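Notes to accompany the following structure.
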Amino acid sequence: MTPALRPVPDTVPGPAPAPAPLPAAAHLAPVTTGQHHDLALVLFAVVVLVTLGITLWVGRRGQAAEDFFAGGRGFTPLQNGFALSGDYLSAASFLGVTGLIALYGYDGVLYSIGFLVAWLVVLMLVAELVRNSGRYTLADVLALRMRERPLRAAAGSASVVVTLLYLIAQMVGAGSLVTLLLGTSSGQAKTWAIVGVGALMIIYVTVGGMKATTWIQIVKAFVLIAGAVLLTALVVIRFHGNLAELMRSAAHGSGHGQAYLEPGLKYGATTTSRLDFFSLGLGLVLGTAGLPHILSRFYTVPTARAARRSTMWAIGLIGGFYLMAIVLGLGATALVGAKAVKAANPAGNTAVPLLALDLGGGAASTAGVVLFALISAIAFATILAVVAGLTLAASAAFAHDLYARAWRRADRPEATEREELVVARAAAVVIGAAAIVLSLFAQQLNTAFLVGLAFAVAASANLPTLLYSLFWSRFTTRGAVWSVYGGLIPAVLLVVFSPVVSGAKTAIFPGVDFHWFPLENPGLVSIPLGFLAGWLGTLTSQEAADPDKYAELEVRSLTGAGAA
Amino acid sequence: MAQQERFDWWAAQPIGRTAVRKAAKARLTAPTARPTAVPAQAAVPVAAAPAATTTPAVPEPPAVDAAEVYRTVQASAAFQEIRDGYRGFVFPATAVFLGWYLLYLGAQAAAPELMRRQVAGPLNVAWLVGLLQFVSTFVLTWLYARNARTKRDRAALGLRWDTQDQLR
């Protein structure tokens, strides 16, 4: 069993016991120490200042709940389309997927496709209906036709779990990435990077809420796409527009020859590893539509039609981005060489910055230095924006679902909007702090599986419940609660008993072996279990589904009547 | 449904919608303190009831039963058409793109030899199918949007205001 099957977004934090930067510095001594890191540091500071400026500007007036959770619902489809891609394209996609393509060629491409196809599920089955029937969170939609308390408790916890897993993976990744881009490798620098990123995200969320987070996403997505377009254009020009030539020289530069362009370099070693990749792909394609931070984006636009159009923008931007990622990945291998990419970081995370350096004319040239620093700063902005979006989603699920509704004693009056806001801000601080602490402990772990797990939980717990609620008239409260826990618990348990945790060289506890589940990605089993549990729970329910409430959900979700 | 002009809809959209929304907002905020703020709980019959008590403009309080309204709308031919149009497109389309993606994914595991076969230049079957996944995603996105725009949007919007009128 190779560690191959871990999703990329995660390989960024990935090979955590990273001997990465050290040999890198040795190999690229003239390249990685130098002014381009100084310039990168300056640009990082600019990113921090600009994002803080946006936050303060947005937060200068007080925020109502509608502003804090849903950004005032006044964003245009184009703006929200950028924000959606901003939320979705993490540094992992930018650096991780391109690195994967650079090192493993076709298998990297294969990996990125699941992330794109997933958006069709979002577009067709989820975006408009969720916009029409919910207010701030995923649980709003589910609670509409069910008994509120147990459902909010289940869906709220699942949302917090998913976002927290994703958040920790991103932050550990941020730690190693920032230090990598700045050319240091000391543990202390990593710690400070994690604490700094965590502190910034707490400020963005508590001060600026959804409005500031959305604007940060928009700016970040814009510079990310612009940077990718610029580099892609430079690569294409370098090859005189001959993409076949690009593929051939990439195959040559990879050292694998033709195998580089064929399936199997990374995910094809054994039947188990291929099955594992299938499991991962299933989780990716179904998980996106259950990610709380993506779903809450649809509440920032005024209508379902705007939600649809923002999803279309997102599909265009994300699809275009992944197509460019193919060119960038191949370009890095063709121009920099797989050996140098791997030497700088075993997971290939620095493939794009190295490509930028090369395209600009090398470390000695001003253009190379500027381009490297620019791309590094874009990656940094990407990290900041994504963690802010995640923290916001987690705090909304906590305050709006768990605190104000699920855990509130029945004899107490309903929580006021103000109270909900105070709790949400406090939750953002607590969740942010928890994420910082957990990330510091997780630094030495291979956190690669965390994002895969987050997608798997979203696909096994959130998506079945959401789809049953929207489309199955006989679905009951018990069915809903069962399908949340019936997806969440198996997904987590299967990972605990997988080679990720024990029994493999790269496991969290390499010394012991209590694994019996052969795959690293639980999706193949846990997703069907989530659907099955929802079905069984409904069949065994004593109470029948309320047809009145289903009528209301159906009418509201398809027409927008009474939408917030 | 069929005779509806695409041009019409787009052109009328910005002015039409804001005007209608404003009207609706005025309507919705007038009768009670905060009817807009509780739509998520509107299912609870209690939420609808108090609305009836404080309506000076209307002589006799129209004790609207929200559940009744939603059931009537759900049973109406107009709504059935919207729903069938939506499901009739989305369910087959989902089956197609999920099947197509899983087939692609499964082919890596089951038939790697086939995927390695050369097609043109450096392109092999795997690359070709992979790039086709991009194409099919874009095409389906466009088809879905066209379907929604021409078959559903206008009728759904009309029904929305109707329903909200009845719930008032």
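Here's how to read the names in the structure tokens: chain A, B, ... by the order shown, residue numbers from 1 in each chain, ligand numbers from 1 in the order shown.
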Would you pick out the contacts of Leu120 (chain A) at 12 Å or less, using only C-alpha atoms, so that residues sharing its chain but fewer than 5 positions from it are not included, and give the list as a VMD selection string?
(chain A and resid 113 to 115 125 to 127 285 to 289 308 311 to 312 314 to 316 318 to 319) or (chain B and resid 90 to 91 93 to 98 101 133 to 134 136 to 145)
Same residues, N, CA and C atoms, saved as a CSV table (one decimal), in the first residue's frame:
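Final output, out-v2.csv:
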chain,number,residue,atom,x,y,z
A,113,ILE,N,-10.0,15.9,-12.2
A,113,ILE,CA,-11.3,15.9,-12.9
A,113,ILE,C,-12.4,15.7,-11.9
A,114,GLY,N,-12.2,14.8,-10.9
A,114,GLY,CA,-13.3,14.6,-9.9
A,114,GLY,C,-13.7,15.9,-9.3
A,115,PHE,N,-12.8,16.8,-9.0
A,115,PHE,CA,-13.1,18.1,-8.4
A,115,PHE,C,-14.0,18.9,-9.3
A,125,LEU,N,-28.5,19.6,-8.5
A,125,LEU,CA,-29.4,19.1,-7.5
A,125,LEU,C,-29.4,20.0,-6.2
A,126,VAL,N,-28.5,20.8,-6.1
A,126,VAL,CA,-28.3,21.5,-4.8
A,126,VAL,C,-28.5,23.0,-4.8
A,127,ALA,N,-27.8,23.7,-5.6
A,127,ALA,CA,-27.6,25.1,-5.5
A,127,ALA,C,-28.9,25.9,-5.4
A,285,VAL,N,-16.5,13.5,-6.0
A,285,VAL,CA,-17.5,13.9,-6.8
A,285,VAL,C,-18.8,14.1,-6.1
A,286,LEU,N,-19.0,13.4,-5.0
A,286,LEU,CA,-20.2,13.5,-4.2
A,286,LEU,C,-20.1,14.4,-3.0
A,287,GLY,N,-18.8,14.7,-2.6
A,287,GLY,CA,-18.6,15.4,-1.4
A,287,GLY,C,-18.8,16.9,-1.5
A,288,THR,N,-18.4,17.4,-2.7
A,288,THR,CA,-18.4,18.9,-2.8
A,288,THR,C,-19.8,19.4,-2.5
A,289,ALA,N,-20.9,18.7,-3.0
A,289,ALA,CA,-22.2,19.2,-2.8
A,289,ALA,C,-22.6,19.2,-1.3
A,308,ARG,N,-27.8,29.8,-9.4
A,308,ARG,CA,-27.5,29.0,-10.5
A,308,ARG,C,-26.4,29.7,-11.4
A,311,THR,N,-23.1,29.5,-9.8
A,311,THR,CA,-22.5,28.1,-10.0
A,311,THR,C,-21.9,28.0,-11.4
A,312,MET,N,-22.6,28.5,-12.4
A,312,MET,CA,-22.1,28.4,-13.7
A,312,MET,C,-20.8,29.2,-13.9
A,314,ALA,N,-18.7,29.6,-11.5
A,314,ALA,CA,-17.7,28.9,-10.8
A,314,ALA,C,-17.2,27.7,-11.6
A,315,ILE,N,-18.2,27.0,-12.3
A,315,ILE,CA,-17.8,25.9,-13.1
A,315,ILE,C,-16.8,26.3,-14.2
A,316,GLY,N,-17.2,27.5,-14.9
A,316,GLY,CA,-16.3,28.0,-15.9
A,316,GLY,C,-14.9,28.3,-15.4
A,318,ILE,N,-13.4,27.3,-12.5
A,318,ILE,CA,-12.7,26.1,-11.9
A,318,ILE,C,-12.3,25.2,-13.1
A,319,GLY,N,-13.1,25.0,-14.1
A,319,GLY,CA,-12.8,24.2,-15.2
A,319,GLY,C,-11.6,24.8,-15.9
B,90,VAL,N,-33.2,16.9,-14.7
B,90,VAL,CA,-32.1,16.7,-13.8
B,90,VAL,C,-31.7,15.2,-13.4
B,91,PHE,N,-32.8,14.4,-13.3
B,91,PHE,CA,-32.5,13.0,-12.9
B,91,PHE,C,-31.8,12.3,-14.0
B,93,ALA,N,-30.0,13.6,-16.4
B,93,ALA,CA,-28.7,14.2,-16.6
B,93,ALA,C,-27.7,13.8,-15.5
B,94,THR,N,-28.2,13.7,-14.3
B,94,THR,CA,-27.3,13.2,-13.2
B,94,THR,C,-26.9,11.8,-13.4
B,95,ALA,N,-27.8,10.9,-13.9
B,95,ALA,CA,-27.4,9.6,-14.2
B,95,ALA,C,-26.4,9.5,-15.2
B,96,VAL,N,-26.5,10.4,-16.2
B,96,VAL,CA,-25.6,10.3,-17.4
B,96,VAL,C,-24.2,10.8,-16.9
B,97,PHE,N,-24.1,12.0,-16.2
B,97,PHE,CA,-22.7,12.4,-15.9
B,97,PHE,C,-22.1,11.6,-14.8
B,98,LEU,N,-22.9,11.1,-13.8
B,98,LEU,CA,-22.3,10.3,-12.8
B,98,LEU,C,-21.8,9.0,-13.4
B,101,TYR,N,-18.7,9.6,-15.5
B,101,TYR,CA,-17.5,9.8,-14.7
B,101,TYR,C,-17.0,8.5,-14.0
B,133,GLN,N,-14.2,14.7,-20.4
B,133,GLN,CA,-14.9,15.0,-19.1
B,133,GLN,C,-15.1,16.5,-18.9
B,134,PHE,N,-14.0,17.2,-19.2
B,134,PHE,CA,-14.1,18.7,-19.2
B,134,PHE,C,-15.3,19.2,-20.1
B,136,SER,N,-17.8,17.6,-21.5
B,136,SER,CA,-19.1,17.2,-21.1
B,136,SER,C,-19.6,18.0,-19.9
B,137,THR,N,-18.7,18.3,-19.0
B,137,THR,CA,-19.2,19.2,-17.8
B,137,THR,C,-19.6,20.5,-18.3
B,138,PHE,N,-18.9,21.1,-19.2
B,138,PHE,CA,-19.3,22.4,-19.7
B,138,PHE,C,-20.6,22.4,-20.5
B,139,VAL,N,-20.7,21.3,-21.3
B,139,VAL,CA,-21.9,21.2,-22.2
B,139,VAL,C,-23.1,21.0,-21.3
B,140,LEU,N,-23.0,20.1,-20.3
B,140,LEU,CA,-24.2,19.8,-19.4
B,140,LEU,C,-24.6,21.1,-18.6
B,141,THR,N,-23.6,21.9,-18.2
B,141,THR,CA,-23.9,23.1,-17.5
B,141,THR,C,-24.7,24.0,-18.4
B,142,TRP,N,-24.3,24.1,-19.6
B,142,TRP,CA,-25.0,25.0,-20.5
B,142,TRP,C,-26.4,24.5,-20.8
B,143,LEU,N,-26.5,23.2,-21.0
B,143,LEU,CA,-27.8,22.6,-21.3
B,143,LEU,C,-28.8,22.8,-20.1
B,144,TYR,N,-28.2,22.6,-18.9
B,144,TYR,CA,-29.1,22.7,-17.7
B,144,TYR,C,-29.6,24.1,-17.6
B,145,ALA,N,-28.7,25.1,-17.8
B,145,ALA,CA,-29.1,26.5,-17.7
B,145,ALA,C,-30.1,26.9,-18.7
Residue hits in chain B, query chain A, radius 7 Å, only C-alpha atoms, as an mmCIF file with N, CA and C atoms, in the first residue's frame:
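Result file selection_24.cif:
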data_model
loop_
_atom_site.group_PDB
_atom_site.id
_atom_site.type_symbol
_atom_site.label_atom_id
_atom_site.label_comp_id
_atom_site.auth_asym_id
_atom_site.auth_seq_id
_atom_site.Cartn_x
_atom_site.Cartn_y
_atom_site.Cartn_z
ATOM 1 N N THR B 36 -40.876 38.341 7.434
ATOM 2 C CA THR B 36 -39.798 37.864 6.569
ATOM 3 C C THR B 36 -38.725 37.158 7.373
ATOM 4 N N PRO B 39 -39.254 32.858 7.898
ATOM 5 C CA PRO B 39 -39.736 31.887 6.905
ATOM 6 C C PRO B 39 -39.227 30.484 7.172
ATOM 7 N N ALA B 40 -38.069 30.382 7.815
ATOM 8 C CA ALA B 40 -37.543 29.057 8.050
ATOM 9 C C ALA B 40 -38.449 28.254 8.972
ATOM 10 N N GLN B 41 -39.155 28.972 9.822
ATOM 11 C CA GLN B 41 -40.037 28.260 10.737
ATOM 12 C C GLN B 41 -41.490 28.347 10.288
ATOM 13 N N ALA B 43 -43.158 26.700 8.663
ATOM 14 C CA ALA B 43 -43.875 25.436 8.668
ATOM 15 C C ALA B 43 -44.731 25.303 9.910
ATOM 16 N N ALA B 67 -50.143 25.604 5.525
ATOM 17 C CA ALA B 67 -50.046 24.234 5.011
ATOM 18 C C ALA B 67 -51.023 24.010 3.875
ATOM 19 N N TYR B 70 -49.732 25.691 0.698
ATOM 20 C CA TYR B 70 -48.649 24.943 0.053
ATOM 21 C C TYR B 70 -49.165 23.678 -0.617
ATOM 22 N N ARG B 71 -50.134 23.026 0.040
ATOM 23 C CA ARG B 71 -50.661 21.797 -0.567
ATOM 24 C C ARG B 71 -51.423 22.103 -1.845
ATOM 25 N N GLN B 74 -48.893 22.889 -4.456
ATOM 26 C CA GLN B 74 -48.199 21.671 -4.868
ATOM 27 C C GLN B 74 -49.053 20.848 -5.827
ATOM 28 N N VAL B 90 -33.150 16.867 -14.707
ATOM 29 C CA VAL B 90 -32.053 16.696 -13.767
ATOM 30 C C VAL B 90 -31.747 15.230 -13.448
ATOM 31 N N LEU B 105 -13.588 6.570 -14.309
ATOM 32 C CA LEU B 105 -12.804 6.231 -13.124
ATOM 33 C C LEU B 105 -12.578 4.725 -13.053
ATOM 34 N N GLY B 106 -13.652 3.972 -13.327
ATOM 35 C CA GLY B 106 -13.561 2.518 -13.262
ATOM 36 C C GLY B 106 -12.621 1.956 -14.317
ATOM 37 N N GLN B 108 -9.862 3.086 -15.311
ATOM 38 C CA GLN B 108 -8.458 3.091 -14.858
ATOM 39 C C GLN B 108 -8.159 1.828 -14.072
ATOM 40 N N ALA B 109 -9.166 1.409 -13.277
ATOM 41 C CA ALA B 109 -8.951 0.246 -12.428
ATOM 42 C C ALA B 109 -9.128 -1.041 -13.211
ATOM 43 N N PRO B 112 -6.806 -0.867 -17.742
ATOM 44 C CA PRO B 112 -5.699 0.068 -17.968
ATOM 45 C C PRO B 112 -5.087 -0.065 -19.362
ATOM 46 N N ARG B 116 -4.427 2.952 -22.252
ATOM 47 C CA ARG B 116 -3.084 3.317 -22.717
ATOM 48 C C ARG B 116 -3.004 3.414 -24.233
ATOM 49 N N GLY B 121 -0.800 11.458 -31.960
ATOM 50 C CA GLY B 121 0.370 12.103 -31.368
ATOM 51 C C GLY B 121 0.595 11.527 -29.979
ATOM 52 N N PRO B 122 0.854 12.400 -28.993
ATOM 53 C CA PRO B 122 1.092 11.900 -27.648
ATOM 54 C C PRO B 122 -0.209 11.563 -26.910
ATOM 55 N N GLY B 130 -10.381 11.900 -20.569
ATOM 56 C CA GLY B 130 -10.233 12.894 -19.510
ATOM 57 C C GLY B 130 -10.610 14.284 -19.990
ATOM 58 N N PHE B 134 -14.041 17.247 -19.240
ATOM 59 C CA PHE B 134 -14.147 18.705 -19.173
ATOM 60 C C PHE B 134 -15.250 19.185 -20.113
ATOM 61 N N THR B 137 -18.742 18.330 -18.975
ATOM 62 C CA THR B 137 -19.160 19.153 -17.843
ATOM 63 C C THR B 137 -19.637 20.522 -18.317
ATOM 64 N N THR B 141 -23.565 21.851 -18.222
ATOM 65 C CA THR B 141 -23.858 23.089 -17.510
ATOM 66 C C THR B 141 -24.704 24.016 -18.374
ATOM 67 N N ALA B 156 -41.853 29.625 -12.492
ATOM 68 C CA ALA B 156 -41.533 29.522 -11.070
ATOM 69 C C ALA B 156 -41.666 30.878 -10.391
ATOM 70 N N LEU B 157 -41.219 31.924 -11.084
ATOM 71 C CA LEU B 157 -41.291 33.255 -10.493
ATOM 72 C C LEU B 157 -42.753 33.674 -10.303
ATOM 73 N N LEU B 159 -45.298 31.746 -9.917
ATOM 74 C CA LEU B 159 -45.882 30.946 -8.843
ATOM 75 C C LEU B 159 -45.404 31.423 -7.483
ATOM 76 N N ARG B 160 -44.165 31.939 -7.468
ATOM 77 C CA ARG B 160 -43.638 32.432 -6.203
ATOM 78 C C ARG B 160 -44.481 33.590 -5.687
ATOM 79 N N TRP B 161 -44.728 34.566 -6.546
ATOM 80 C CA TRP B 161 -45.505 35.723 -6.085
ATOM 81 C C TRP B 161 -46.936 35.302 -5.749
ATOM 82 N N THR B 163 -47.956 32.390 -4.638
ATOM 83 C CA THR B 163 -47.959 31.695 -3.365
ATOM 84 C C THR B 163 -47.816 32.683 -2.218
ATOM 85 N N GLN B 164 -46.899 33.631 -2.393
ATOM 86 C CA GLN B 164 -46.684 34.594 -1.303
ATOM 87 C C GLN B 164 -47.917 35.476 -1.105
#
Could you give me, as number ranges by chain, the residues within 9 Å of region 88-98 of chain A, counting only C-alpha atoms and dropping anything in the same chain fewer than 4 positions from it?
A: 8-13, 83-84, 102-103, 108-109, 111-112, 170, 173-174, 177, 221, 224, 228, 288, 294, 318, 321-322, 325-330, 332, 347-353, 378-383, 385-387
File dump, residues just selected, C-alpha atoms, as a PDB file, in the first residue's frame:
ATOM      1  CA  VAL A   8      -3.740  16.190  -3.028  1.00  0.00           C
ATOM      2  CA  PRO A   9      -5.230  19.093  -1.250  1.00  0.00           C
ATOM      3  CA  ASP A  10      -3.832  17.220   1.482  1.00  0.00           C
ATOM      4  CA  THR A  11      -0.546  16.329   0.071  1.00  0.00           C
ATOM      5  CA  VAL A  12       0.230  19.929   0.522  1.00  0.00           C
ATOM      6  CA  PRO A  13       0.379  19.502   4.213  1.00  0.00           C
ATOM      7  CA  ALA A  83     -16.033  33.691  -4.423  1.00  0.00           C
ATOM      8  CA  LEU A  84     -17.112  30.061  -4.944  1.00  0.00           C
ATOM      9  CA  ALA A 102       4.271  17.715 -12.742  1.00  0.00           C
ATOM     10  CA  LEU A 103       5.409  14.551 -10.994  1.00  0.00           C
ATOM     11  CA  GLY A 108      -2.474  14.111 -11.700  1.00  0.00           C
ATOM     12  CA  VAL A 109      -4.947  15.100 -14.389  1.00  0.00           C
ATOM     13  CA  TYR A 111      -7.184  13.451  -9.883  1.00  0.00           C
ATOM     14  CA  SER A 112      -8.278  16.971 -10.793  1.00  0.00           C
ATOM     15  CA  GLN A 170      -5.324  23.519   5.317  1.00  0.00           C
ATOM     16  CA  GLY A 173      -0.439  22.824   4.874  1.00  0.00           C
ATOM     17  CA  ALA A 174      -0.207  26.562   5.310  1.00  0.00           C
ATOM     18  CA  LEU A 177       3.867  26.050   2.557  1.00  0.00           C
ATOM     19  CA  ALA A 221      -9.800  34.152  -6.947  1.00  0.00           C
ATOM     20  CA  LEU A 224      -5.210  33.377  -8.673  1.00  0.00           C
ATOM     21  CA  ALA A 228      -2.521  31.127 -13.760  1.00  0.00           C
ATOM     22  CA  THR A 288     -18.447  18.868  -2.849  1.00  0.00           C
ATOM     23  CA  ILE A 294     -19.667  25.887  -0.286  1.00  0.00           C
ATOM     24  CA  ILE A 318     -12.724  26.122 -11.938  1.00  0.00           C
ATOM     25  CA  PHE A 321      -8.270  26.720 -13.890  1.00  0.00           C
ATOM     26  CA  TYR A 322      -7.792  22.951 -13.964  1.00  0.00           C
ATOM     27  CA  ALA A 325      -3.140  23.508 -14.200  1.00  0.00           C
ATOM     28  CA  ILE A 326      -2.462  20.746 -16.744  1.00  0.00           C
ATOM     29  CA  VAL A 327      -0.362  23.118 -18.844  1.00  0.00           C
ATOM     30  CA  LEU A 328       1.450  24.438 -15.766  1.00  0.00           C
ATOM     31  CA  GLY A 329       2.177  20.977 -14.405  1.00  0.00           C
ATOM     32  CA  LEU A 330       3.462  19.717 -17.727  1.00  0.00           C
ATOM     33  CA  ALA A 332       7.103  22.610 -14.851  1.00  0.00           C
ATOM     34  CA  ALA A 347       5.094  16.273  -3.045  1.00  0.00           C
ATOM     35  CA  GLY A 348       5.814  18.694  -5.862  1.00  0.00           C
ATOM     36  CA  ASN A 349       4.243  21.637  -4.043  1.00  0.00           C
ATOM     37  CA  THR A 350       6.779  24.115  -5.349  1.00  0.00           C
ATOM     38  CA  ALA A 351       6.464  23.100  -8.988  1.00  0.00           C
ATOM     39  CA  VAL A 352       4.600  26.258  -9.970  1.00  0.00           C
ATOM     40  CA  PRO A 353       6.789  28.768  -8.118  1.00  0.00           C
ATOM     41  CA  ILE A 378      -0.937  34.439  -4.623  1.00  0.00           C
ATOM     42  CA  ALA A 379      -0.553  31.057  -2.939  1.00  0.00           C
ATOM     43  CA  PHE A 380      -0.415  32.814   0.425  1.00  0.00           C
ATOM     44  CA  ALA A 381      -3.560  34.826  -0.318  1.00  0.00           C
ATOM     45  CA  THR A 382      -5.221  31.563  -1.307  1.00  0.00           C
ATOM     46  CA  ILE A 383      -4.399  29.971   2.032  1.00  0.00           C
ATOM     47  CA  ALA A 385      -8.986  33.124   2.054  1.00  0.00           C
ATOM     48  CA  VAL A 386      -9.785  29.426   2.272  1.00  0.00           C
ATOM     49  CA  VAL A 387      -9.246  29.123   6.018  1.00  0.00           C
TER      50      VAL A 387
END
Can you list, as an mmCIF file with N, CA and C atoms, in the first residue's frame, every protein, DNA or RNA residue that comes within 8 Å of Phe298 (chain A) when you count only C-alpha atoms, leaving out same-chain residues fewer than 5 positions away?
data_model
loop_
_atom_site.group_PDB
_atom_site.id
_atom_site.type_symbol
_atom_site.label_atom_id
_atom_site.label_comp_id
_atom_site.auth_asym_id
_atom_site.auth_seq_id
_atom_site.Cartn_x
_atom_site.Cartn_y
_atom_site.Cartn_z
ATOM 1 N N ASN A 80 -20.220 36.157 -6.830
ATOM 2 C CA ASN A 80 -20.294 34.926 -6.057
ATOM 3 C C ASN A 80 -19.625 33.769 -6.786
ATOM 4 N N ALA A 127 -27.755 23.674 -5.618
ATOM 5 C CA ALA A 127 -27.594 25.125 -5.478
ATOM 6 C C ALA A 127 -28.918 25.880 -5.367
ATOM 7 N N GLU A 128 -29.780 25.724 -6.362
ATOM 8 C CA GLU A 128 -31.001 26.528 -6.377
ATOM 9 C C GLU A 128 -31.943 26.143 -5.240
ATOM 10 N N VAL A 130 -31.287 24.729 -2.377
ATOM 11 C CA VAL A 130 -30.771 25.147 -1.077
ATOM 12 C C VAL A 130 -30.960 26.658 -0.901
ATOM 13 N N ARG A 131 -30.686 27.405 -1.960
ATOM 14 C CA ARG A 131 -30.855 28.856 -1.861
ATOM 15 C C ARG A 131 -32.295 29.214 -1.505
ATOM 16 N N ALA A 307 -28.145 32.067 -7.807
ATOM 17 C CA ALA A 307 -27.331 30.953 -7.304
ATOM 18 C C ALA A 307 -26.902 30.063 -8.464
#
Show me, as number ranges by chain, the residues that have an atom within 12 Å of Val46 (chain A) when counting only C-alpha atoms, minus same-chain residues fewer than 3 positions from it.
A: 39-43, 49-53, 373-374, 377-378, 380-381
Atomic separation - CA of Arg409 (chain A) relative to CA of Leu138 (chain A), Å
21.9 Å
